[in-house]
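For reference, target22.cif (mmCIF, C-alpha atoms and all ligand atoms):
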data_protein
loop_
_atom_site.label_atom_id
_atom_site.label_comp_id
_atom_site.auth_asym_id
_atom_site.auth_seq_id
_atom_site.Cartn_x
_atom_site.Cartn_y
_atom_site.Cartn_z
CA MET M 1 101.86 108.00 113.72
CA PHE M 2 103.93 105.81 111.51
CA LEU M 3 107.15 107.67 112.15
CA PHE M 4 108.23 105.63 115.10
CA ALA M 5 105.85 102.74 114.86
CA GLY M 6 107.23 99.87 116.80
CA VAL M 7 110.09 97.82 115.66
CA GLY M 8 111.99 97.68 118.89
CA CYS M 9 111.46 94.37 120.56
CA SER M 10 113.45 92.88 123.35
CA GLU M 11 116.10 90.43 122.31
CA ALA M 12 115.40 88.05 125.15
CA SER M 13 112.03 86.84 124.01
CA LYS M 14 113.16 86.56 120.41
CA THR M 15 115.62 83.83 121.29
CA VAL M 16 112.95 81.94 123.14
CA SER M 17 110.45 81.97 120.30
CA ASN M 18 113.16 81.06 117.84
CA THR M 19 113.95 77.80 119.56
CA VAL M 20 110.30 76.93 119.80
CA THR M 21 109.79 77.21 116.06
CA LYS M 22 112.92 75.33 115.23
CA THR M 23 111.68 72.22 116.92
CA THR M 24 108.33 72.24 115.18
CA GLU M 25 109.79 73.23 111.83
CA SER M 26 112.29 70.48 111.38
CA THR M 27 109.77 67.70 110.96
CA LYS M 28 107.80 69.23 108.16
CA GLU M 29 110.32 71.04 106.06
CA THR M 30 111.85 68.24 104.09
CA SER M 31 109.70 67.83 101.02
CA LYS M 32 109.17 71.41 99.97
CA GLU M 33 112.61 72.63 99.09
CA THR M 34 113.17 70.14 96.34
CA VAL M 35 109.82 70.47 94.67
CA ALA M 36 109.19 73.96 93.57
CA ASP M 37 111.54 75.00 90.87
CA THR M 38 108.89 77.23 89.47
CA LYS M 39 108.70 79.23 86.35
CA ASP M 40 107.22 82.65 86.15
CA THR M 41 104.79 82.70 83.33
CA THR M 42 103.00 85.58 81.79
CA THR M 43 99.51 84.27 81.34
CA LYS M 44 96.65 86.68 81.48
CA GLU M 45 94.44 86.09 84.48
CA ALA M 46 91.42 86.99 82.38
CA GLU M 47 91.85 83.87 80.27
CA LYS M 48 91.77 81.66 83.29
CA THR M 49 88.36 82.26 84.73
CA ASN M 50 87.23 78.67 85.11
CA THR M 51 89.50 77.12 87.62
CA ALA M 52 89.75 73.39 87.74
CA LEU M 53 89.56 71.65 91.09
CA GLY M 54 93.22 70.93 90.74
CA GLN M 55 94.29 74.56 91.00
CA LEU M 56 94.53 77.08 93.76
CA LYS M 57 94.54 80.72 92.74
CA LEU M 58 95.41 83.71 94.86
CA HIS M 59 94.45 87.05 93.35
CA PHE M 60 96.20 89.95 95.06
CA ILE M 61 93.83 92.57 93.72
CA ASP M 62 95.39 95.96 93.07
CA VAL M 63 93.52 98.28 95.41
CA GLY M 64 96.30 100.85 95.83
CA GLN M 65 97.48 101.41 99.39
CA ALA M 66 95.24 98.67 100.80
CA ASP M 67 94.71 94.90 100.81
CA SER M 68 92.29 92.58 99.03
CA ILE M 69 93.05 88.92 98.31
CA LEU M 70 90.69 86.52 96.57
CA ILE M 71 91.41 82.82 96.93
CA GLN M 72 89.80 80.24 94.62
CA ASN M 73 89.88 76.48 94.70
CA GLY M 74 87.41 74.95 92.30
CA ASP M 75 83.93 76.14 93.21
CA LYS M 76 84.96 77.49 96.60
CA SER M 77 86.25 80.96 97.24
CA MET M 78 87.47 83.10 100.07
CA LEU M 79 88.05 86.83 100.26
CA ILE M 80 90.57 88.35 102.64
CA ASP M 81 89.98 92.12 102.96
CA ALA M 82 88.25 94.42 100.49
CA GLY M 83 90.37 97.55 100.05
CA ASN M 84 89.48 101.12 100.99
CA ASN M 85 85.93 102.50 100.93
CA PRO M 86 86.06 103.61 97.27
CA ASP M 87 87.46 100.21 96.22
CA GLY M 88 84.29 98.27 97.07
CA ASP M 89 82.83 98.33 93.55
CA ASP M 90 86.15 97.43 91.91
CA VAL M 91 86.58 94.46 94.20
CA VAL M 92 83.01 93.32 93.57
CA ASN M 93 83.42 93.66 89.80
CA TYR M 94 86.71 91.78 89.85
CA ILE M 95 85.13 88.88 91.73
CA LYS M 96 82.03 88.89 89.51
CA GLY M 97 84.31 88.88 86.49
CA LEU M 98 85.59 85.51 87.64
CA GLY M 99 82.05 84.15 87.60
CA ILE M 100 81.85 83.93 91.38
CA LYS M 101 78.43 84.36 92.99
CA LYS M 102 79.14 83.14 96.49
CA LEU M 103 82.01 83.85 98.84
CA ASP M 104 82.26 80.87 101.15
CA VAL M 105 84.53 82.66 103.58
CA VAL M 106 85.11 86.37 104.06
CA VAL M 107 87.88 87.58 106.35
CA GLY M 108 88.25 91.16 107.53
CA THR M 109 91.78 91.00 108.91
CA HIS M 110 91.37 94.03 111.14
CA ALA M 111 89.24 97.13 111.51
CA HIS M 112 91.36 99.57 109.47
CA GLU M 113 89.72 101.22 106.49
CA ASP M 114 92.30 100.03 103.96
CA HIS M 115 91.23 96.45 104.75
CA ILE M 116 87.51 96.58 105.50
CA GLY M 117 86.58 99.79 103.65
CA GLY M 118 84.98 98.01 100.69
CA MET M 119 83.66 95.14 102.79
CA ASP M 120 80.10 96.44 103.19
CA THR M 121 79.75 96.64 99.41
CA VAL M 122 81.10 93.11 99.06
CA ILE M 123 78.73 91.73 101.69
CA LYS M 124 75.75 93.35 99.98
CA SER M 125 76.76 91.95 96.57
CA PHE M 126 77.34 88.24 97.20
CA ASP M 127 76.01 85.24 99.02
CA ILE M 128 78.27 84.90 102.01
CA GLY M 129 79.12 81.72 103.90
CA GLN M 130 80.93 82.83 107.01
CA ILE M 131 82.56 86.06 108.07
CA ILE M 132 85.66 86.05 110.22
CA MET M 133 86.79 89.21 111.96
CA PRO M 134 88.81 89.85 115.11
CA LYS M 135 87.05 91.13 118.21
CA ALA M 136 89.08 94.35 118.24
CA GLY M 137 87.10 97.04 116.49
CA ASN M 138 86.98 100.78 116.38
CA THR M 139 84.41 103.51 116.30
CA THR M 140 84.76 104.63 112.72
CA LYS M 141 81.85 104.92 110.31
CA THR M 142 83.64 102.45 108.04
CA PHE M 143 83.61 99.79 110.74
CA GLU M 144 79.98 100.50 111.63
CA ASP M 145 79.01 100.22 107.96
CA VAL M 146 80.50 96.74 107.88
CA LEU M 147 78.69 95.68 111.05
CA THR M 148 75.43 97.02 109.64
CA ALA M 149 75.91 95.18 106.33
CA ILE M 150 76.58 91.96 108.26
CA ALA M 151 73.51 92.43 110.46
CA ASN M 152 71.28 93.30 107.50
CA LYS M 153 72.18 89.99 105.89
CA GLY M 154 71.43 88.10 109.08
CA LEU M 155 75.03 86.96 109.30
CA LYS M 156 77.10 86.50 112.43
CA ILE M 157 80.78 87.23 112.90
CA THR M 158 83.01 84.27 113.69
CA SER M 159 85.94 85.17 115.93
CA PRO M 160 89.29 83.88 114.73
CA VAL M 161 90.70 81.09 116.90
CA PRO M 162 94.37 80.33 116.25
CA GLY M 163 94.81 76.71 115.30
CA ASN M 164 91.35 76.45 113.72
CA GLU M 165 91.23 75.30 110.13
CA ILE M 166 88.83 76.15 107.33
CA LYS M 167 88.46 73.83 104.35
CA LEU M 168 88.21 75.28 100.88
CA ASN M 169 87.82 72.10 98.85
CA SER M 170 91.31 70.63 98.88
CA ALA M 171 92.93 73.74 100.31
CA THR M 172 93.18 74.40 104.04
CA ALA M 173 93.29 77.81 105.67
CA LYS M 174 94.69 77.68 109.18
CA ILE M 175 94.33 80.67 111.46
CA VAL M 176 97.62 81.52 113.18
CA ALA M 177 96.82 84.97 114.62
CA PRO M 178 95.73 87.02 116.51
CA ASN M 179 96.96 85.22 119.60
CA GLY M 180 95.93 87.96 122.01
CA SER M 181 92.93 90.20 122.37
CA GLU M 182 94.34 93.57 123.34
CA TYR M 183 96.96 95.36 121.33
CA LYS M 184 98.31 98.90 121.36
CA ASP M 185 98.14 98.87 117.60
CA LEU M 186 95.07 97.54 115.82
CA ASN M 187 97.39 96.12 113.16
CA ASP M 188 98.50 93.41 115.57
CA SER M 189 94.90 92.24 115.90
CA SER M 190 95.11 91.15 112.24
CA VAL M 191 93.85 87.70 111.35
CA ALA M 192 96.85 85.90 109.86
CA ILE M 193 96.33 82.74 107.85
CA LYS M 194 98.51 79.94 106.60
CA LEU M 195 96.98 78.48 103.47
CA THR M 196 98.11 75.02 102.41
CA PHE M 197 97.43 73.32 99.08
CA GLY M 198 99.26 70.11 98.30
CA GLU M 199 102.92 70.82 98.84
CA ASN M 200 102.51 74.58 98.51
CA SER M 201 101.75 77.02 101.28
CA PHE M 202 101.11 80.71 101.72
CA MET M 203 101.37 82.99 104.76
CA LEU M 204 98.88 85.85 104.60
CA MET M 205 99.64 88.42 107.28
CA GLY M 206 97.18 91.31 106.99
CA ASP M 207 98.87 94.18 108.81
CA ALA M 208 100.33 92.05 111.61
CA GLU M 209 103.46 93.66 113.02
CA ALA M 210 106.41 92.55 115.13
CA VAL M 211 104.29 91.99 118.26
CA SER M 212 102.01 89.50 116.52
CA GLU M 213 104.87 87.86 114.62
CA LYS M 214 106.58 87.16 117.92
CA GLU M 215 103.40 85.62 119.32
CA ILE M 216 103.00 83.40 116.25
CA LEU M 217 106.59 82.20 116.67
CA ALA M 218 106.06 81.58 120.38
CA LYS M 219 103.01 79.43 119.61
CA GLY M 220 105.21 77.10 117.61
CA PHE M 221 102.99 77.02 114.51
CA ASP M 222 104.60 75.58 111.41
CA ILE M 223 104.78 78.77 109.40
CA LYS M 224 107.23 77.68 106.73
CA ALA M 225 105.68 78.78 103.44
CA ASP M 226 106.51 79.22 99.77
CA LEU M 227 104.92 82.65 99.63
CA LEU M 228 104.63 85.42 102.20
CA LYS M 229 102.06 88.19 101.79
CA VAL M 230 104.25 90.68 103.63
CA GLY M 231 102.64 92.28 106.66
CA HIS M 232 101.52 95.92 106.69
CA HIS M 233 102.37 96.87 103.12
CA GLY M 234 106.10 96.33 103.60
CA SER M 235 106.39 98.57 106.65
CA SER M 236 109.51 98.32 108.78
CA SER M 237 107.22 97.57 111.73
CA SER M 238 106.54 94.09 110.28
CA THR M 239 108.68 91.28 108.86
CA THR M 240 111.24 90.87 111.62
CA GLN M 241 114.27 88.86 110.63
CA GLU M 242 113.29 86.02 113.00
CA PHE M 243 109.87 85.79 111.46
CA LEU M 244 111.14 85.95 107.89
CA ASN M 245 113.67 83.22 108.65
CA ALA M 246 110.94 80.98 110.04
CA VAL M 247 108.64 81.46 107.04
CA ASN M 248 111.62 81.28 104.70
CA PRO M 249 109.57 82.01 101.58
CA LYS M 250 110.64 81.84 97.99
CA TYR M 251 108.20 84.57 97.00
CA ALA M 252 106.94 87.71 98.70
CA VAL M 253 103.87 89.69 97.70
CA ILE M 254 103.47 93.29 98.83
CA SER M 255 100.13 95.04 98.47
CA VAL M 256 101.08 98.69 98.33
CA GLY M 257 100.07 101.90 96.56
CA LYS M 258 102.28 104.01 94.32
CA GLU M 259 103.63 107.11 96.09
CA ASN M 260 101.70 106.33 99.24
CA ASP M 261 101.83 108.66 102.22
CA TYR M 262 103.62 106.15 104.43
CA GLY M 263 106.76 105.56 102.40
CA HIS M 264 105.81 101.85 102.06
CA PRO M 265 107.52 99.60 101.36
CA HIS M 266 110.32 100.53 103.73
CA LYS M 267 114.00 100.05 103.09
CA SER M 268 114.63 97.60 105.93
CA THR M 269 111.96 95.21 104.68
CA MET M 270 113.20 95.31 101.10
CA ASP M 271 116.79 94.83 102.28
CA LYS M 272 115.77 91.69 104.20
CA LEU M 273 113.91 90.23 101.22
CA LYS M 274 116.81 91.02 98.90
CA ALA M 275 119.39 89.52 101.24
CA LYS M 276 117.53 86.20 101.15
CA GLY M 277 117.03 86.32 97.38
CA ILE M 278 113.23 86.24 97.76
CA LYS M 279 111.39 87.15 94.57
CA VAL M 280 109.14 90.14 95.17
CA TYR M 281 105.78 90.80 93.54
CA ARG M 282 104.22 94.17 94.37
CA THR M 283 100.97 95.73 93.30
CA ASP M 284 102.42 99.25 92.96
CA GLU M 285 104.66 98.04 90.14
CA LEU M 286 102.69 95.14 88.69
CA GLY M 287 98.99 95.81 89.37
CA THR M 288 96.89 92.80 90.28
CA ILE M 289 99.05 89.74 90.94
CA VAL M 290 97.71 86.23 90.41
CA ALA M 291 99.62 83.30 91.90
CA THR M 292 98.53 79.85 90.71
CA SER M 293 99.44 76.61 92.43
CA ASP M 294 98.95 73.10 91.12
CA GLY M 295 99.89 71.74 94.52
CA LYS M 296 103.53 71.35 93.55
CA SER M 297 104.70 74.64 92.15
CA ILE M 298 103.57 78.24 91.95
CA THR M 299 103.39 80.38 88.84
CA PHE M 300 102.59 84.06 88.44
CA ASN M 301 100.74 86.15 85.88
CA THR M 302 103.59 88.61 85.77
CA LYS M 303 107.33 88.76 86.09
CA GLU M 304 108.81 89.78 89.39
CA GLY M 305 109.13 93.32 90.72
CA SER M 306 112.01 95.30 92.15
CA TYR M 307 113.53 95.73 95.59
CA ASN M 308 113.01 99.50 95.38
CA TYR M 309 111.73 101.17 98.50
CA ALA M 310 109.75 104.33 98.95
CA GLY M 311 110.80 105.28 102.45
CA LEU M 312 113.07 104.45 105.31
CA GLY M 313 110.54 103.79 108.03
CA THR M 314 111.83 103.37 111.52
CA SER M 315 115.53 103.67 111.77
CA ALA M 316 116.25 100.31 113.38
CA SER M 317 119.73 101.25 114.43
CA SER M 318 118.76 104.08 116.74
CA GLY M 319 117.77 101.53 119.34
CA SER M 320 115.96 103.85 121.70
CA ASN M 321 112.67 104.24 119.90
CA SER M 322 110.01 103.05 122.21
CA SER M 323 107.71 100.81 120.26
CA SER M 324 104.51 102.51 121.18
CA GLY M 325 102.50 105.59 120.90
CA SER M 326 104.81 108.53 121.33
CA THR M 327 104.68 110.24 118.02
CA ALA M 328 105.49 113.84 118.62
CA ALA M 329 107.69 113.23 121.60
CA LYS M 330 110.76 112.52 119.53
CA SER M 331 111.29 116.25 119.22
CA THR M 332 113.49 117.99 116.82
CA ALA M 333 116.93 117.32 118.19
CA PRO M 334 119.23 117.23 115.21
CA ALA M 335 121.88 115.14 116.93
CA SER M 336 121.50 111.42 117.40
CA THR M 337 120.18 110.01 120.64
CA PRO M 338 122.40 110.87 123.57
CA THR M 339 124.37 107.92 124.86
CA PRO M 340 126.82 107.74 127.75
CA ALA M 341 129.53 106.33 125.51
CA PRO M 342 131.40 108.79 123.34
CA ALA M 343 129.61 108.84 120.04
CA VAL M 344 131.98 107.94 117.25
CA THR M 345 130.53 109.21 114.04
CA LYS M 346 131.15 107.03 111.06
CA SER M 347 132.60 109.11 108.31
CA SER M 348 130.46 107.41 105.66
CA SER M 349 127.11 108.11 107.22
CA ASP M 350 125.47 111.08 108.81
CA ASP M 351 123.32 109.84 111.67
CA ARG M 352 121.44 113.04 112.26
CA ILE M 353 117.70 112.47 111.95
CA ALA M 354 116.22 114.28 109.00
CA TYR M 355 112.57 114.70 108.04
CA TYR M 356 111.06 114.61 104.58
CA VAL M 357 107.82 114.08 102.69
CA PRO M 358 107.29 111.47 99.97
CA ALA M 359 106.82 113.95 97.16
CA GLY M 360 109.41 116.61 97.98
CA LYS M 361 113.12 116.90 97.30
CA SER M 362 114.17 118.64 100.49
CA TYR M 363 115.10 117.47 103.96
CA HIS M 364 114.52 119.12 107.31
CA PHE M 365 116.03 118.88 110.76
CA ASN M 366 113.02 120.39 112.44
CA LYS M 367 109.96 118.18 112.27
CA SER M 368 107.84 121.20 113.11
CA CYS M 369 109.40 123.30 110.37
CA SER M 370 106.80 125.67 108.96
CA THR M 371 107.42 124.44 105.43
CA LEU M 372 106.29 120.98 106.54
CA ALA M 373 103.18 122.25 108.28
CA ARG M 374 100.73 121.28 105.58
CA SER M 375 102.11 117.81 104.94
CA LYS M 376 100.10 114.95 106.36
CA ALA M 377 102.88 112.43 106.02
CA ILE M 378 106.25 113.38 107.44
CA LEU M 379 108.81 110.60 107.28
CA SER M 380 112.19 110.43 108.92
CA GLY M 381 115.51 108.68 108.75
CA LYS M 382 119.25 109.13 109.07
CA LEU M 383 120.39 112.07 107.01
CA SER M 384 122.69 110.00 104.83
CA ASP M 385 119.86 107.56 104.04
CA VAL M 386 117.44 110.40 103.39
CA ILE M 387 119.85 112.00 100.93
CA ALA M 388 120.32 108.62 99.26
CA LEU M 389 116.55 108.59 98.69
CA GLY M 390 116.92 111.70 96.57
CA LYS M 391 115.96 114.26 99.20
CA SER M 392 119.05 116.32 98.52
CA ASP M 393 117.98 119.91 99.19
CA PRO M 394 118.52 121.17 102.73
CA CYS M 395 115.54 123.22 103.87
CA ASP M 396 116.27 126.97 103.83
CA LYS M 397 114.55 127.43 107.16
CA CYS M 398 115.84 124.60 109.31
CA ALA M 399 118.67 122.77 107.60
CA LYS M 400 121.05 125.47 106.38
ZN ZN T 1 96.81 98.20 105.96
ZN ZN T 2 96.10 98.40 109.47
#
Output the structure of this file as structure tokens.
Ligand SMILES: [Zn+2]
Ligand SMILES: [Zn+2]
Amino acid sequence: MFLFAGVGCSEASKTVSNTVTKTTESTKETSKETVADTKDTTTKEAEKTNTALGQLKLHFIDVGQADSILIQNGDKSMLIDAGNNPDGDDVVNYIKGLGIKKLDVVVGTHAHEDHIGGMDTVIKSFDIGQIIMPKAGNTTKTFEDVLTAIANKGLKITSPVPGNEIKLNSATAKIVAPNGSEYKDLNDSSVAIKLTFGENSFMLMGDAEAVSEKEILAKGFDIKADLLKVGHHGSSSSTTQEFLNAVNPKYAVISVGKENDYGHPHKSTMDKLKAKGIKVYRTDELGTIVATSDGKSITFNTKEGSYNYAGLGTSASSGSNSSSGSTAAKSTAPASTPTPAPAVTKSSSDDRIAYYVPAGKSYHFNKSCSTLARSKAILSGKLSDVIALGKSDPCDKCAK
């Protein structure tokens, strides 16, 4: 499913949305750049349980390959996502450990298990103010469990309306997505939020991908932010260059599990962050990440992480990947996509598409190779990139 998940977007509409954001950006940008020459400190989050009104804290709770973000400002708190089903108790205990009894706002960004899995447990365990979830749902038991927990508490779901703002004491959460109601991929239905506190701001993307990013840009929202919670666990299907340029963050947080089945974070995302010198904080390397803002600068409970990537994701250069649905259709053709122009092969790279699994050392040319049959996650990329990842053994069956 994730093999060819959509990155390909038409160039035409990108230029349009770019100009739109430029005009809205220019007015508001001025003050931020000069302010935040921040230091990374290594304070323990445990010591800091009673937050003064003058601080905003974002806890990117380590829930493995999933999302859960707790936001605190004084006596108000907001939870965005609650991890996978088995993470519910951990998330609840983490929040209780901070002395929190009521969640003023709970956001389920979208109906995937790695975001709302633990949500039913959370809803049962706390007083809840309002619950925000997109209309797009699915038919899974996980989703139904959440709806049941909401109904049992007599709560109603508030639909996200882009442009609406929620106050959290002196912090403001502005909804910037979803801007449509029907998406091919549920990820694009993600509620995305820009959180502002004094001169600091934070873009929290859920699993929003290129389609939603483009819509946010087209809307002309001011999305410039100090920190970007990178969409979809660092997948190549999110964080387009246009979007990253518009947010232009100093810091990026990636919520991602060690050795996950998806090869997240992907190379193209990490390359983009590295090229802009954005400091990266990632839960697979650092565990729970706490970012603290005093309204002027942001500090972290840990030093920064690496630009290492686990997989290649969609090969952006191949150009012909349709952005939707067709998973198996890409076949097993070892040669690169046929083009009318004579294909000049660069001597430094081998463009043949190779397949691999996160744990193994071998590569394959046949996606249906019998030795891959039992793997649930088969990733792909250009052979030279795959070999660079350490998958150096050609499969005896299909790559000799
Ligand atoms: Zn996710
Ligand atoms: Zn998702």
Record the distance separating atom CA of M:Phe60 and atom CA of M:Thr148, expressed in Å with one decimal.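 Separating atom CA of M:Phe60 from atom CA of M:Thr148 is a distance of 26.3 Å.
For the choices M:Ile157, M:Ile166, M:Met133, M:Leu383, the atom-to-atom distance to M:Pro178 is smallest for M:Met133 when using only C-alpha atoms.
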With all atoms listed in the file as the atoms that count, which of M:Gly97, M:Gly108, M:Gly360, M:Gly117 lies nearest to M:Thr158? M:Gly108
Atom CA of M:Asn308 to atom CA of M:Met270: how many Å, to one decimal?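 Those two atoms sit 7.1 Å apart.
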Where's the centre, and what are the edge lengths in Å to one decimal, of a box along x, y and z enclosing all listed atoms of stretch 227-230 of chain M padded 4 Å per side, as JSON?
{"center_x": 103.5, "center_y": 86.7, "center_z": 101.6, "size_x": 10.9, "size_y": 16.0, "size_z": 12.0}
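For the pair atom CA of M:Asp226 and atom CA of M:Leu58, the interatomic distance is 12.9 Å.
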Taking all atoms listed in the file and a cut-off of 12 Å, can you tell me which residues surround ligand ZN 1 (chain T), written as a ChimeraX atom specification? /M:2,63-68,81-84,108-117,185-190,205-209,230-235,237-238,254-257,260,262,264-265
Go through M:Glu165, M:Gly137, M:Lys102, M:Ile353 and flag the residue nearest ligand ZN 2 (chain T), using only C-alpha atoms and all ligand atoms for the distances.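 Among the listed residues, the smallest separation from ligand ZN 2 (chain T) belongs to M:Gly137.
With all atoms listed in the file as the basis for measurement, M:Asn138 is the residue among M:Ser201, M:Asn93, M:Asn138, M:Asn245 that approaches ligand ZN 2 (chain T) most closely.
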Atoms are missing here; could stretch 114-133 of chain M be completed with N, CA, C and O atoms and written as a PDB file, keeping the file's coordinate frame?
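Okay, this is what ended up in selection_14.pdb:
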ATOM      1  N   ASP M 114      91.665 100.550 105.181  1.00  0.00           N
ATOM      2  CA  ASP M 114      92.300 100.030 103.960  1.00  0.00           C
ATOM      3  C   ASP M 114      92.139  98.508 103.836  1.00  0.00           C
ATOM      4  O   ASP M 114      92.581  97.914 102.857  1.00  0.00           O
ATOM      5  N   HIS M 115      91.483  97.900 104.808  1.00  0.00           N
ATOM      6  CA  HIS M 115      91.230  96.450 104.750  1.00  0.00           C
ATOM      7  C   HIS M 115      89.738  96.124 104.713  1.00  0.00           C
ATOM      8  O   HIS M 115      89.323  95.210 104.018  1.00  0.00           O
ATOM      9  N   ILE M 116      88.955  96.890 105.462  1.00  0.00           N
ATOM     10  CA  ILE M 116      87.510  96.580 105.500  1.00  0.00           C
ATOM     11  C   ILE M 116      86.660  97.659 104.831  1.00  0.00           C
ATOM     12  O   ILE M 116      85.445  97.577 104.816  1.00  0.00           O
ATOM     13  N   GLY M 117      87.318  98.675 104.242  1.00  0.00           N
ATOM     14  CA  GLY M 117      86.580  99.790 103.650  1.00  0.00           C
ATOM     15  C   GLY M 117      85.530  99.344 102.655  1.00  0.00           C
ATOM     16  O   GLY M 117      84.380  99.778 102.679  1.00  0.00           O
ATOM     17  N   GLY M 118      85.915  98.455 101.726  1.00  0.00           N
ATOM     18  CA  GLY M 118      84.980  98.010 100.690  1.00  0.00           C
ATOM     19  C   GLY M 118      84.139  96.805 101.106  1.00  0.00           C
ATOM     20  O   GLY M 118      83.364  96.280 100.306  1.00  0.00           O
ATOM     21  N   MET M 119      84.281  96.394 102.357  1.00  0.00           N
ATOM     22  CA  MET M 119      83.660  95.140 102.790  1.00  0.00           C
ATOM     23  C   MET M 119      82.129  95.198 102.800  1.00  0.00           C
ATOM     24  O   MET M 119      81.461  94.209 102.473  1.00  0.00           O
ATOM     25  N   ASP M 120      81.575  96.340 103.166  1.00  0.00           N
ATOM     26  CA  ASP M 120      80.100  96.440 103.190  1.00  0.00           C
ATOM     27  C   ASP M 120      79.539  96.225 101.790  1.00  0.00           C
ATOM     28  O   ASP M 120      78.546  95.515 101.596  1.00  0.00           O
ATOM     29  N   THR M 121      80.190  96.820 100.794  1.00  0.00           N
ATOM     30  CA  THR M 121      79.750  96.640  99.410  1.00  0.00           C
ATOM     31  C   THR M 121      79.846  95.179  98.993  1.00  0.00           C
ATOM     32  O   THR M 121      78.939  94.650  98.330  1.00  0.00           O
ATOM     33  N   VAL M 122      80.922  94.525  99.379  1.00  0.00           N
ATOM     34  CA  VAL M 122      81.100  93.110  99.060  1.00  0.00           C
ATOM     35  C   VAL M 122      79.994  92.270  99.695  1.00  0.00           C
ATOM     36  O   VAL M 122      79.381  91.420  99.042  1.00  0.00           O
ATOM     37  N   ILE M 123      79.732  92.530 100.962  1.00  0.00           N
ATOM     38  CA  ILE M 123      78.730  91.730 101.690  1.00  0.00           C
ATOM     39  C   ILE M 123      77.358  91.888 101.054  1.00  0.00           C
ATOM     40  O   ILE M 123      76.600  90.929 100.916  1.00  0.00           O
ATOM     41  N   LYS M 124      77.048  93.115 100.625  1.00  0.00           N
ATOM     42  CA  LYS M 124      75.750  93.350  99.980  1.00  0.00           C
ATOM     43  C   LYS M 124      75.651  92.643  98.632  1.00  0.00           C
ATOM     44  O   LYS M 124      74.564  92.338  98.158  1.00  0.00           O
ATOM     45  N   SER M 125      76.785  92.397  97.973  1.00  0.00           N
ATOM     46  CA  SER M 125      76.760  91.950  96.570  1.00  0.00           C
ATOM     47  C   SER M 125      76.818  90.444  96.368  1.00  0.00           C
ATOM     48  O   SER M 125      76.586  89.983  95.260  1.00  0.00           O
ATOM     49  N   PHE M 126      77.176  89.689  97.397  1.00  0.00           N
ATOM     50  CA  PHE M 126      77.340  88.240  97.200  1.00  0.00           C
ATOM     51  C   PHE M 126      76.617  87.454  98.289  1.00  0.00           C
ATOM     52  O   PHE M 126      76.354  87.967  99.373  1.00  0.00           O
ATOM     53  N   ASP M 127      76.337  86.192  97.966  1.00  0.00           N
ATOM     54  CA  ASP M 127      76.010  85.240  99.020  1.00  0.00           C
ATOM     55  C   ASP M 127      77.252  85.043  99.847  1.00  0.00           C
ATOM     56  O   ASP M 127      78.341  84.888  99.286  1.00  0.00           O
ATOM     57  N   ILE M 128      77.090  85.033 101.149  1.00  0.00           N
ATOM     58  CA  ILE M 128      78.270  84.900 102.010  1.00  0.00           C
ATOM     59  C   ILE M 128      78.099  83.680 102.904  1.00  0.00           C
ATOM     60  O   ILE M 128      77.035  83.498 103.505  1.00  0.00           O
ATOM     61  N   GLY M 129      79.130  82.862 102.982  1.00  0.00           N
ATOM     62  CA  GLY M 129      79.120  81.720 103.900  1.00  0.00           C
ATOM     63  C   GLY M 129      79.374  82.194 105.313  1.00  0.00           C
ATOM     64  O   GLY M 129      78.455  82.513 106.052  1.00  0.00           O
ATOM     65  N   GLN M 130      80.640  82.302 105.680  1.00  0.00           N
ATOM     66  CA  GLN M 130      80.930  82.830 107.010  1.00  0.00           C
ATOM     67  C   GLN M 130      81.850  84.028 106.952  1.00  0.00           C
ATOM     68  O   GLN M 130      82.610  84.209 106.005  1.00  0.00           O
ATOM     69  N   ILE M 131      81.730  84.855 107.974  1.00  0.00           N
ATOM     70  CA  ILE M 131      82.560  86.060 108.070  1.00  0.00           C
ATOM     71  C   ILE M 131      83.436  85.966 109.310  1.00  0.00           C
ATOM     72  O   ILE M 131      82.937  85.735 110.411  1.00  0.00           O
ATOM     73  N   ILE M 132      84.721  86.121 109.108  1.00  0.00           N
ATOM     74  CA  ILE M 132      85.660  86.050 110.220  1.00  0.00           C
ATOM     75  C   ILE M 132      86.293  87.422 110.427  1.00  0.00           C
ATOM     76  O   ILE M 132      86.853  88.003 109.497  1.00  0.00           O
ATOM     77  N   MET M 133      86.155  87.936 111.618  1.00  0.00           N
ATOM     78  CA  MET M 133      86.790  89.210 111.960  1.00  0.00           C
ATOM     79  C   MET M 133      87.245  89.165 113.412  1.00  0.00           C
ATOM     80  O   MET M 133      86.597  88.525 114.233  1.00  0.00           O
TER      81      MET M 133
END
